[in-house]
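What follows is a short report on a single structure.
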Amino acid sequence: MHRYTDETERLAQAVLRYARDRMRMDPPLDGPYEPAEIAARAGRTITEDGMGGDAALRVFTDVIAPGVVSSDHPRYLAFIPTAPTEASTLFDLVVGASSIYGGSWLEGSGAVFAENQALRWIADLAGLPPGAGGAFVQGGTIGNLSALVAAREAARARRADGGRPVPGRWVVAATDEAHSSIAEAARVMDVDVLAVPGDDRGRLTGPALRAAIAAAEAADPATVDGLFAIVATAGATNLGIVDDIAGAADVAAERGAWLHVDGAYGGAALAAPSARHLFAGVEQADSFIVDPHKWLFAPYDACALLYRDPAAARAAHTQHAGYLDAVAHVEGEWNPSDYAIHLTRRARGLPFWFSLAMHGTRAYADAIEATIALAREAADEIRRRPYLELVVEPELSVVAFRRIGWERDDYERWSDRLLRTGVAFVTPTRHRGETITRFAIVSPRTTLADLTAILATMA
């Protein structure tokens, strides 16, 4: 299994041919199989003696791949799509073939150096200080959880230094529009969430945050004694709305709380001059995430996690064991494993770094600006159609709208039909109890013609 044989060479050629053909084609928009159907078509694939490389590759190309909804299709507009550049996809092959361990400087100094250059560009976009840094993690969920763990550890250390007791319960403040991973992180950490009402657009604002804390304090001071973090969202997944980050930063400073900014989707728009004003206050964040596999055109899976003070993150996340003494932190070296809930990690930031180095940052800014402009054009198209109505004006590249008179079943039938016929992948969502739908536009290959054709199917 571990020798490069003639069979390996034939398989390598076949795999590279498949990868090249997949990149050249318009991505397919196939729908999912029924569980019984894929089981019948694929059959038993894991056997004692193996089926051989050619047969295994045929199962993938003929059965497995057609059961995948291609998230890089220009009419994949559900959830948050991906749109990796050709360069980043190609370099992902290189990373996979290179057996790079990306957890420590000792074993991966070259890879870590390159990743850190990409992280530095993002930190500069956010206005974070020269000492800021972090690591690429799997996705926004791990990024948010890791940041909040660091926040709680920093709060615990401050209380110990000040001689204050540990609170009965730790608390994080966020709105209902915050990503679901915030509630999940709170559950995993066994901390409470102080729910802050959003404004008419669902934004967390400084005044509403201050009022929510004051109301909770008046009801029972103990409920917010343990407030250790405030989460602001820089581009909510559902509606694409950016919170009042500056207002949240002011309250965080007043309360001595950690400010975490979740920009998993929308943080990429920091690269777009037309949208930069929406993120005022992000430069005050104690931690910040953005997923390059969303709107920064990298392949899955890569979330950039940054800290204003990396030492605070290191204190929370560095793992200790006898066998790890060899990779202990040394001044000037950088161990990505010290900055999140991970130890073993692939160098997942390298495909993003390679594409960024190849194309330059201006190309990224232009591509993001193009998708923001397309979202505004889509909003204009919706306004022209009497059977449709915008839910909110788009700020970034998410366009949320309703089909007047439709209920959830209508949206679901429509969505299923679009996918079944290979037209598009657009799914319903909920906002304040109402079923609506949305376009999440991240691919520069998506056109206005794509969107108007979809809108016409709702007539």
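Just so we're on the same page: first chain in the structure tokens is A, next is B, and so on; residues restart at 1 for each chain, and ligands are numbered from 1 in the order they show up.
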
Legend entry - segment 100-227 of chain A: residues DSSP assigns to strand (DSSP E or B), reported as a PyMOL selection string: chain A and resi 101+133-137+171-175+192-196+227

Legend entry - Distance query segment 53-62 of chain A at most 10 Å, only C-alpha atoms, self and fewer than 2 positions along chain excluded, as JSON, numbers by chain: {"A": [7, 8, 10, 11, 12, 14, 15, 18, 41, 42, 43, 45, 46, 50, 51, 64, 65, 66, 67]}

Inset, instruction - Excluding Ala365 of chain A and residues on its chain fewer than 2 positions from it, collect all residues at most 10 Å away from it, counting only C-alpha atoms, and give them as a list in words. - result: Ala268, Ala269, Leu270, Ala271, Ala272, Pro273, Ser274, Leu296, Gly360, Thr361, Arg362, Ala363, Ala367, Ile368, Glu369 and Ala370 of chain A

Just write the chosen residues, N, CA and C atoms, as a PDB file, in the first residue's frame.
```pdb
ATOM      1  N   ALA A 268     -15.307  38.910   4.941  1.00  0.00           N
ATOM      2  CA  ALA A 268     -14.576  39.051   3.677  1.00  0.00           C
ATOM      3  C   ALA A 268     -14.800  40.417   3.054  1.00  0.00           C
ATOM      4  N   ALA A 269     -15.954  41.037   3.311  1.00  0.00           N
ATOM      5  CA  ALA A 269     -16.278  42.327   2.704  1.00  0.00           C
ATOM      6  C   ALA A 269     -15.405  43.457   3.240  1.00  0.00           C
ATOM      7  N   LEU A 270     -14.599  43.190   4.257  1.00  0.00           N
ATOM      8  CA  LEU A 270     -13.603  44.172   4.677  1.00  0.00           C
ATOM      9  C   LEU A 270     -12.661  44.513   3.527  1.00  0.00           C
ATOM     10  N   ALA A 271     -12.509  43.595   2.573  1.00  0.00           N
ATOM     11  CA  ALA A 271     -11.631  43.830   1.424  1.00  0.00           C
ATOM     12  C   ALA A 271     -12.264  44.739   0.384  1.00  0.00           C
ATOM     13  N   ALA A 272     -13.573  45.002   0.515  1.00  0.00           N
ATOM     14  CA  ALA A 272     -14.298  45.813  -0.466  1.00  0.00           C
ATOM     15  C   ALA A 272     -14.413  47.244   0.042  1.00  0.00           C
ATOM     16  N   PRO A 273     -13.793  48.206  -0.615  1.00  0.00           N
ATOM     17  CA  PRO A 273     -13.864  49.591  -0.130  1.00  0.00           C
ATOM     18  C   PRO A 273     -15.287  50.099   0.054  1.00  0.00           C
ATOM     19  N   SER A 274     -16.219  49.650  -0.789  1.00  0.00           N
ATOM     20  CA  SER A 274     -17.596  50.148  -0.693  1.00  0.00           C
ATOM     21  C   SER A 274     -18.293  49.692   0.578  1.00  0.00           C
ATOM     22  N   LEU A 296     -13.962  34.269   0.442  1.00  0.00           N
ATOM     23  CA  LEU A 296     -12.581  34.595   0.085  1.00  0.00           C
ATOM     24  C   LEU A 296     -11.993  33.526  -0.821  1.00  0.00           C
ATOM     25  N   GLY A 360      -2.981  38.402  -6.081  1.00  0.00           N
ATOM     26  CA  GLY A 360      -2.895  39.709  -5.463  1.00  0.00           C
ATOM     27  C   GLY A 360      -4.199  40.120  -4.815  1.00  0.00           C
ATOM     28  N   THR A 361      -4.115  41.019  -3.850  1.00  0.00           N
ATOM     29  CA  THR A 361      -5.283  41.384  -3.059  1.00  0.00           C
ATOM     30  C   THR A 361      -6.294  42.213  -3.846  1.00  0.00           C
ATOM     31  N   ARG A 362      -5.832  42.956  -4.871  1.00  0.00           N
ATOM     32  CA  ARG A 362      -6.775  43.764  -5.649  1.00  0.00           C
ATOM     33  C   ARG A 362      -7.798  42.891  -6.349  1.00  0.00           C
ATOM     34  N   ALA A 363      -7.373  41.734  -6.841  1.00  0.00           N
ATOM     35  CA  ALA A 363      -8.303  40.826  -7.516  1.00  0.00           C
ATOM     36  C   ALA A 363      -9.381  40.346  -6.555  1.00  0.00           C
ATOM     37  N   ALA A 367     -13.426  41.085  -6.943  1.00  0.00           N
ATOM     38  CA  ALA A 367     -14.399  39.987  -7.004  1.00  0.00           C
ATOM     39  C   ALA A 367     -15.485  40.154  -5.946  1.00  0.00           C
ATOM     40  N   ILE A 368     -15.108  40.595  -4.758  1.00  0.00           N
ATOM     41  CA  ILE A 368     -16.093  40.799  -3.695  1.00  0.00           C
ATOM     42  C   ILE A 368     -16.997  41.982  -4.035  1.00  0.00           C
ATOM     43  N   GLU A 369     -16.420  43.048  -4.554  1.00  0.00           N
ATOM     44  CA  GLU A 369     -17.235  44.192  -4.976  1.00  0.00           C
ATOM     45  C   GLU A 369     -18.260  43.770  -6.032  1.00  0.00           C
ATOM     46  N   ALA A 370     -17.856  42.890  -6.955  1.00  0.00           N
ATOM     47  CA  ALA A 370     -18.764  42.460  -8.016  1.00  0.00           C
ATOM     48  C   ALA A 370     -19.974  41.731  -7.446  1.00  0.00           C
TER      49      ALA A 370
END
```

Inset, instruction - Within 9 Å of segment 137-153 of chain A, counting only C-alpha atoms, which residues show up once you throw out same-chain ones fewer than 2 positions away? Write them as JSON, numbers by chain, please. - result: {"A": [135, 155, 156, 157, 158, 170, 172, 179, 180, 181, 182, 184, 185, 186, 188, 189, 228, 229, 257, 258, 259, 260, 261, 262, 263, 264, 265, 286, 287, 288, 289, 290, 291, 293, 300, 301, 302, 303, 304, 305, 306, 307, 312, 313, 314, 315, 316, 317, 336, 339, 340, 341, 342, 345, 348, 349]}

Legend entry - Neighbour list for segment 387-400 of chain A as a ChimeraX atom specification, cut-off 6 Å, only C-alpha atoms, skip fewer than 6 positions in-chain: /A:239-240,372,375,437-441

Restricting the output to C-alpha atoms, write the selected residues as a short mmCIF file (atom, residue, chain, number, x, y, z; two decimals), in the first residue's frame.
```cif
data_model
loop_
_atom_site.label_atom_id
_atom_site.label_comp_id
_atom_site.auth_asym_id
_atom_site.auth_seq_id
_atom_site.Cartn_x
_atom_site.Cartn_y
_atom_site.Cartn_z
CA LEU A 239 -29.80 38.10 6.28
CA GLY A 240 -26.24 39.31 5.74
CA ILE A 372 -22.04 43.06 -3.65
CA ALA A 375 -26.88 41.65 -4.79
CA THR A 437 -36.05 32.57 1.02
CA ARG A 438 -32.72 34.14 0.15
CA PHE A 439 -29.90 34.32 -2.37
CA ALA A 440 -26.44 33.95 -0.83
CA ILE A 441 -24.14 35.21 -3.57
#
```

Legend entry - Secondary structure check, alpha helix (DSSP H) residues of segment 265-400 of chain A, as a PyMOL selection string: chain A and resi 292-295+310-317+350-359+361-384

Residues just named, written with C-alpha atoms as a compact mmCIF listing (two decimals), in the first residue's frame:
```txt
# COMPACT_ATOMS: atom_id res chain seq x y z
CA PRO A 292 -11.90 31.98 3.45
CA HIS A 293 -13.86 28.93 2.23
CA LYS A 294 -16.91 31.17 2.02
CA TRP A 295 -16.39 34.56 0.37
CA PRO A 310 -2.31 35.94 21.00
CA ALA A 311 -0.72 35.34 24.42
CA ALA A 312 -4.19 35.21 25.95
CA ALA A 313 -5.20 32.53 23.46
CA ARG A 314 -2.00 30.60 24.11
CA ALA A 315 -2.73 30.57 27.82
CA ALA A 316 -6.13 29.05 27.11
CA HIS A 317 -5.26 26.53 24.42
CA LEU A 350 -2.04 27.19 2.30
CA PRO A 351 -4.48 26.97 -0.65
CA PHE A 352 -5.82 30.41 0.33
CA TRP A 353 -2.28 31.77 0.71
CA PHE A 354 -1.24 30.43 -2.70
CA SER A 355 -4.19 31.97 -4.52
CA LEU A 356 -3.75 35.27 -2.68
CA ALA A 357 -0.05 35.32 -3.51
CA MET A 358 -0.72 34.42 -7.15
CA HIS A 359 -3.54 36.85 -7.90
CA THR A 361 -5.28 41.38 -3.06
CA ARG A 362 -6.77 43.76 -5.65
CA ALA A 363 -8.30 40.83 -7.52
CA TYR A 364 -9.99 39.70 -4.31
CA ALA A 365 -11.36 43.17 -3.64
CA ASP A 366 -12.71 43.41 -7.19
CA ALA A 367 -14.40 39.99 -7.00
CA ILE A 368 -16.09 40.80 -3.69
CA GLU A 369 -17.24 44.19 -4.98
CA ALA A 370 -18.76 42.46 -8.02
CA THR A 371 -20.89 40.16 -5.86
CA ILE A 372 -22.04 43.06 -3.65
CA ALA A 373 -23.08 44.96 -6.77
CA LEU A 374 -24.93 41.89 -8.06
CA ALA A 375 -26.88 41.65 -4.79
CA ARG A 376 -28.08 45.23 -5.28
CA GLU A 377 -29.13 44.43 -8.85
CA ALA A 378 -31.03 41.39 -7.58
CA ALA A 379 -32.81 43.59 -5.04
CA ASP A 380 -33.85 45.92 -7.87
CA GLU A 381 -35.23 42.93 -9.82
CA ILE A 382 -37.26 41.85 -6.79
CA ARG A 383 -38.71 45.33 -6.40
CA ARG A 384 -39.86 45.22 -10.03
```

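Pairwise distance (atom CA of Ile122 of chain A, atom CA of Asp72 of chain A) equals 22.9 Å.
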
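Minimum atom-to-atom distance to Leu227 of chain A, evaluated using only C-alpha atoms, belongs to A:Arg159 out of A:Ile436, A:Arg44, A:Phe79, A:Arg159.
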
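Nearest-residue note for Pro28 of chain A: choosing from A:Thr89, A:Thr5, A:Ser70, A:Ser443, the minimum distance belongs to A:Ser70, counting only C-alpha atoms.
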
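Between atom CA of Arg201 of chain A and atom CA of Thr452 of chain A the interatomic distance comes to 25.0 Å.
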
Per-residue nearest contacts of segment 261-352 of chain A to segment 248-253 of chain A (10 Å; only C-alpha atoms) as a Markdown table:
```
| residue | atom | partner | partner_atom | distance |
| --- | --- | --- | --- | --- |
| A:Val261 | CA | A:Ala248 | CA | 9.6 |
| A:Ala280 | CA | A:Ala249 | CA | 9.9 |
| A:Gly281 | CA | A:Ala249 | CA | 6.5 |
| A:Val282 | CA | A:Ala249 | CA | 8.1 |
| A:Glu283 | CA | A:Ala249 | CA | 9.3 |
| A:Gln284 | CA | A:Ala249 | CA | 6.4 |
| A:Ala285 | CA | A:Ala249 | CA | 7.2 |
| A:Asp286 | CA | A:Ala249 | CA | 9.5 |
```

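Considering the residues A:Val231, A:Leu455, A:Ala347, A:Ala87 and counting only C-alpha atoms, Asp243 of chain A has its shortest atom-to-atom contact with A:Val231.
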
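When only C-alpha atoms are used to compute distances to Asp199 of chain A, the closest of the residues A:Ile100, A:Ala132, A:Ala154, A:Arg432 turns out to be A:Arg432.
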
Inset, instruction - Could you please determine the separation between atom CA of Thr82 of chain A and atom CA of Trp414 of chain A in Å, to one decimal place? - result: 22.8 Å

Inset, instruction - Go through A:Ala178, A:Val68, A:Ala160, A:Ala214 and flag the residue nearest Val242 of chain A, using only C-alpha atoms for the distances. - result: A:Ala178

Legend entry - Nearby residues (only C-alpha atoms) at most 6 Å from Phe297 of chain A, same-chain spacing under 3 positions excluded, as a list in words: Ala83, Pro84, Thr85 and His293 of chain A
